[in-house]
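Contents: one structure, followed by commentary.
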Amino acid sequence: MRVLIAPDCFGGTLTAREAADAIATGWREAKPDDVVVERPLADGGPGFVDVLHAALGGDIRYITVTGPLGKPVEARWLQHDGSAYIESAEACGLHLIPAELRPESCETATTRGVGELIAAAAVDNDVITIGLGGSATTDGGAGMLAALADPETGAAVDLTDISLVAASDVENPLLGPHGAARTFGPQKGASPEAVERLEAKLAAMDVLKPVSDISGAGAAGGLGAALLSLGATVRSGAGLVRELTGLDAAIADADVVVTGEGSFDWQSLRGKLITAVAGGAAERGLPCIAIAGQVSVGRREMAAAGVQQAYSVSEHVGSVQKSIADARKSLIATAQHVARQWST
């Protein structure tokens with residue numbers, strides 16, 4: 001049997017590459033005669049630069065930028081053939097803020113470092129693609145816009161002849177019940193009261209009002225809206241990675257496709273990686289299986305997205321705590337179980 005392993009990262013525990021390796025290891029141990037191909041992926045969030053570098057080549061550039069707490073952090077971006085690929089989480093990712101500081105930082109975390117990354121990439125590139133996802137911020141891109149308007153050089157960055165692409169990991173608008181603050185604010189440490197304050201701040205940003213209802217405007221705490229205000233084109237991050245990594249060709253050579261992420265929930269059905277992989281498999285009439293740390297999607301919604309079956313790592317090993325304590329071992333064990341059920 002030919003098996004394609006194409007997961008996203010398992011947030012906070014395993015990178016996409018580590019997850020792919022663990023699933024492949026478990027599958028091979030259970031079914032050593034199967035041909036297993038690993039294709040780690042990303043949807044614009046953490047891992048975006050690594051995945052594209054592995055697929056495209058190019059040069060990784062390093063730069064010190066302003067982190068979400070205002071302190072310097074080391075960030076990377078990818079230079080390839082006149083195009084730059086930026087991962088916003090490198091500059092303002094949730095992983096850059098300790099969990100105990102998130103309740104107090106959720107209203108002040110800044111995207112300024114993303115603007116600094118764009119300023120650096122604007123020097124030598126005609127196209128700049130910014131991957132959105134995994135941010136600690138809900139500033140509506142205010143920090144990014146400020147950095148671009150008044151960078152350290154003392155002059156505004158000229159983006160006139162540069163095409164900006166916002167590679168979004170979600171389809172959410174800027175405001176409302178499915179917007180940046182109310183949907184993602186609690187994940188970043190915001191209390192109900194803080195969520196409402198963040199919502200009000202986003203609604204008061206005049207520059208974002210014309211684009212607030214556009215799909216993807218709410219990505220990365222409104223960073224998507226700020227990029228739209230600069231004339232960026234929004235694309236599905238998962239769809240873009242699918243295209244640039246040649247995923248469709250890999251799917252065409254497979255008998256079964258295995259994808260996954262940390263949590264397979266309702267947000268996964270709104271532009272996340274699992275739906276892109278499952279869609280590619282469905283187009284070729286292939287079964288797609290999801291393995292996730294936790295699964296909360298019903299069978300009907302799952303089937304509509306093109307996923308035949310989903311397996312929860314935490315359920316397989318007995319608890320969320322056990323699955324996190326040794327994430328690799330837990331994922332290997334789950335993959336062994338899946339392989340025995342699906343490989344003939």
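Labeling convention for the structure tokens: chains A, B, ... as they appear, residues from 1 per chain, ligands from 1 in order of appearance.
For Ser296 in chain A, the non-local neighbours within 10 Å, defined as residues at least 6 positions apart in the same chain or in other chains and counting only C-alpha atoms, are A:Ser263, A:Phe264, A:Asp265, A:Trp266, A:Met302, A:Ala310, A:Ser312.
Neighbours of His316 in chain A closer than or equal to 9 Å, with only C-alpha atoms counted and sequence neighbours fewer than 3 positions away skipped, come out as Tyr311, Ser312, Val313, Ser319, Ser323, Ser330, Ala333, Thr334 and His337 of chain A.
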If you keep N, CA and C atoms, can you produce a file of those selected residues as a PDB file, in the first residue's frame?
ATOM      1  N   TYR A 311      -8.874  10.057  14.135  1.00  0.00           N
ATOM      2  CA  TYR A 311      -8.422   9.356  15.332  1.00  0.00           C
ATOM      3  C   TYR A 311      -7.815  10.350  16.303  1.00  0.00           C
ATOM      4  N   SER A 312      -8.215  10.263  17.565  1.00  0.00           N
ATOM      5  CA  SER A 312      -7.722  11.145  18.614  1.00  0.00           C
ATOM      6  C   SER A 312      -6.564  10.477  19.347  1.00  0.00           C
ATOM      7  N   VAL A 313      -5.429  11.147  19.370  1.00  0.00           N
ATOM      8  CA  VAL A 313      -4.266  10.622  20.078  1.00  0.00           C
ATOM      9  C   VAL A 313      -4.552  10.537  21.572  1.00  0.00           C
ATOM     10  N   SER A 319      -5.483   9.898  27.816  1.00  0.00           N
ATOM     11  CA  SER A 319      -5.768  11.240  28.324  1.00  0.00           C
ATOM     12  C   SER A 319      -4.951  12.268  27.571  1.00  0.00           C
ATOM     13  N   SER A 323      -0.909  12.142  26.341  1.00  0.00           N
ATOM     14  CA  SER A 323      -0.541  12.396  24.949  1.00  0.00           C
ATOM     15  C   SER A 323       0.482  13.510  24.832  1.00  0.00           C
ATOM     16  N   SER A 330       3.278   8.926  21.746  1.00  0.00           N
ATOM     17  CA  SER A 330       1.824   8.803  21.657  1.00  0.00           C
ATOM     18  C   SER A 330       1.354   8.797  20.208  1.00  0.00           C
ATOM     19  N   ALA A 333       2.224   5.455  18.528  1.00  0.00           N
ATOM     20  CA  ALA A 333       1.299   4.395  18.949  1.00  0.00           C
ATOM     21  C   ALA A 333      -0.040   4.521  18.228  1.00  0.00           C
ATOM     22  N   THR A 334      -0.527   5.740  18.091  1.00  0.00           N
ATOM     23  CA  THR A 334      -1.801   5.956  17.391  1.00  0.00           C
ATOM     24  C   THR A 334      -1.673   5.601  15.923  1.00  0.00           C
ATOM     25  N   HIS A 337      -1.908   1.915  15.352  1.00  0.00           N
ATOM     26  CA  HIS A 337      -3.306   1.482  15.413  1.00  0.00           C
ATOM     27  C   HIS A 337      -4.041   1.785  14.111  1.00  0.00           C
TER      28      HIS A 337
END
Within 12 Å of range 68-79 of chain A: each range 85-180 of chain A residue with its shortest pair, only C-alpha atoms, as a Markdown table:
| residue | atom | partner | partner_atom | distance |
| --- | --- | --- | --- | --- |
| A:Tyr85 | CA | A:Leu78 | CA | 5.0 |
| A:Ile86 | CA | A:Trp77 | CA | 4.9 |
| A:Glu87 | CA | A:Trp77 | CA | 6.8 |
| A:Ser88 | CA | A:Ala75 | CA | 9.2 |
| A:Ala89 | CA | A:Ala75 | CA | 9.0 |
| A:Glu90 | CA | A:Ala75 | CA | 5.2 |
| A:Ala91 | CA | A:Ala75 | CA | 6.1 |
| A:Cys92 | CA | A:Pro68 | CA | 4.7 |
| A:Gly93 | CA | A:Pro68 | CA | 7.3 |
| A:Leu94 | CA | A:Pro68 | CA | 8.4 |
| A:His95 | CA | A:Pro68 | CA | 10.0 |
| A:Leu96 | CA | A:Pro68 | CA | 7.3 |
| A:Ile97 | CA | A:Leu69 | CA | 7.5 |
| A:Pro98 | CA | A:Leu69 | CA | 10.5 |
| A:Leu101 | CA | A:Leu69 | CA | 9.8 |
| A:Arg102 | CA | A:Leu69 | CA | 10.1 |
| A:Glu104 | CA | A:Leu69 | CA | 10.5 |
| A:Ser105 | CA | A:Leu69 | CA | 7.3 |
| A:Cys106 | CA | A:Pro68 | CA | 9.5 |
| A:Glu107 | CA | A:Leu69 | CA | 10.6 |
| A:Thr108 | CA | A:Leu69 | CA | 7.6 |
| A:Ala109 | CA | A:Pro68 | CA | 4.7 |
| A:Thr110 | CA | A:Pro68 | CA | 4.7 |
| A:Thr111 | CA | A:Pro68 | CA | 6.3 |
| A:Arg112 | CA | A:Pro68 | CA | 7.6 |
| A:Gly113 | CA | A:Pro68 | CA | 7.5 |
| A:Val114 | CA | A:Ala75 | CA | 9.4 |
| A:Gly115 | CA | A:Pro68 | CA | 12.0 |
| A:Glu116 | CA | A:Ala75 | CA | 10.1 |
| A:Leu117 | CA | A:Trp77 | CA | 7.6 |
| A:Ile118 | CA | A:Trp77 | CA | 9.3 |
| A:Ala119 | CA | A:Trp77 | CA | 11.6 |
| A:Ala120 | CA | A:Trp77 | CA | 9.4 |
| A:Ala121 | CA | A:Trp77 | CA | 8.0 |
| A:Ala122 | CA | A:Gln79 | CA | 10.8 |
| A:Val123 | CA | A:Gln79 | CA | 11.2 |
| A:Asp124 | CA | A:Gln79 | CA | 8.9 |
| A:Asn125 | CA | A:Gln79 | CA | 8.2 |
| A:Asp126 | CA | A:Gln79 | CA | 11.0 |
| A:Val127 | CA | A:Gln79 | CA | 10.3 |
| A:Ile128 | CA | A:Gln79 | CA | 9.4 |
| A:Thr129 | CA | A:Leu78 | CA | 9.8 |
| A:Ile130 | CA | A:Trp77 | CA | 9.5 |
| A:Gly131 | CA | A:Trp77 | CA | 10.4 |
| A:Ser135 | CA | A:Pro68 | CA | 8.8 |
| A:Ala136 | CA | A:Pro68 | CA | 7.0 |
| A:Thr137 | CA | A:Pro68 | CA | 7.1 |
| A:Thr138 | CA | A:Pro68 | CA | 10.4 |
| A:Asp139 | CA | A:Pro68 | CA | 10.3 |
| A:Gly141 | CA | A:Pro68 | CA | 11.6 |
| A:Gly143 | CA | A:Pro68 | CA | 9.4 |
| A:Met144 | CA | A:Pro68 | CA | 11.0 |
Task: range 40-103 of chain A: residues DSSP assigns to strand (DSSP E or B), reported as number ranges by chain - done: A: 59-66, 72-80, 83-87, 93
Open item on the list: Set the distance at 8 Å and use only C-alpha atoms: which residues neighbour Arg39 in chain A once local chain neighbours fewer than 3 positions away are removed? I'd like the list as a ChimeraX atom specification.
Closed with: /A:4-7,17,20,247
Ser212 in chain A environment, 8 Å, only C-alpha atoms, sequence neighbours closer than 6 positions dropped, as a PDB file with all heavy atoms, in the first residue's frame:
ATOM      1  N   PRO A 173     -13.853  36.833   9.369  1.00  0.00           N
ATOM      2  CA  PRO A 173     -13.817  38.277   9.156  1.00  0.00           C
ATOM      3  C   PRO A 173     -13.143  38.954  10.342  1.00  0.00           C
ATOM      4  O   PRO A 173     -12.744  38.289  11.311  1.00  0.00           O
ATOM      5  CB  PRO A 173     -15.295  38.650   9.055  1.00  0.00           C
ATOM      6  CG  PRO A 173     -15.966  37.646   9.949  1.00  0.00           C
ATOM      7  CD  PRO A 173     -15.186  36.358   9.759  1.00  0.00           C
ATOM      8  N   LEU A 174     -13.057  40.271  10.302  1.00  0.00           N
ATOM      9  CA  LEU A 174     -12.388  40.998  11.379  1.00  0.00           C
ATOM     10  C   LEU A 174     -13.232  41.075  12.643  1.00  0.00           C
ATOM     11  O   LEU A 174     -12.723  40.879  13.748  1.00  0.00           O
ATOM     12  CB  LEU A 174     -12.039  42.415  10.912  1.00  0.00           C
ATOM     13  CG  LEU A 174     -11.344  43.306  11.944  1.00  0.00           C
ATOM     14  CD1 LEU A 174      -9.959  42.762  12.268  1.00  0.00           C
ATOM     15  CD2 LEU A 174     -11.260  44.749  11.443  1.00  0.00           C
ATOM     16  N   LEU A 175     -14.531  41.354  12.489  1.00  0.00           N
ATOM     17  CA  LEU A 175     -15.389  41.663  13.630  1.00  0.00           C
ATOM     18  C   LEU A 175     -16.539  40.658  13.776  1.00  0.00           C
ATOM     19  O   LEU A 175     -16.788  39.862  12.878  1.00  0.00           O
ATOM     20  CB  LEU A 175     -15.964  43.072  13.469  1.00  0.00           C
ATOM     21  CG  LEU A 175     -14.951  44.210  13.314  1.00  0.00           C
ATOM     22  CD1 LEU A 175     -15.659  45.497  12.939  1.00  0.00           C
ATOM     23  CD2 LEU A 175     -14.123  44.379  14.580  1.00  0.00           C
ATOM     24  N   GLY A 218      -9.810  38.557   9.669  1.00  0.00           N
ATOM     25  CA  GLY A 218      -9.600  38.314  11.093  1.00  0.00           C
ATOM     26  C   GLY A 218      -8.403  37.446  11.420  1.00  0.00           C
ATOM     27  O   GLY A 218      -8.122  37.189  12.590  1.00  0.00           O
ATOM     28  N   ALA A 225      -6.549  41.899   7.967  1.00  0.00           N
ATOM     29  CA  ALA A 225      -7.225  43.133   7.560  1.00  0.00           C
ATOM     30  C   ALA A 225      -6.220  44.230   7.255  1.00  0.00           C
ATOM     31  O   ALA A 225      -6.375  44.992   6.293  1.00  0.00           O
ATOM     32  CB  ALA A 225      -8.195  43.581   8.649  1.00  0.00           C
TER      33      ALA A 225
END
- [ ] Go through A:Gly246, A:Ser191, A:Pro186, A:Ala142 and flag the residue nearest Leu227 in chain A, using only C-alpha atoms for the distances.
- [x]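 Residue with the minimum atom-to-atom distance to Leu227 in chain A: A:Ala142.
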Task: From A:Ala156, A:Lys329, A:Leu269, A:Ala166, residue lying nearest Ser229 in chain A [only C-alpha atoms] - done: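 Smallest separation from Ser229 in chain A among the options: A:Ala166.
If only C-alpha atoms are the atoms counted, then among A:Arg182, A:Gly44, A:Ala19, A:Pro177 the closest residue to Ser236 in chain A is A:Gly44.
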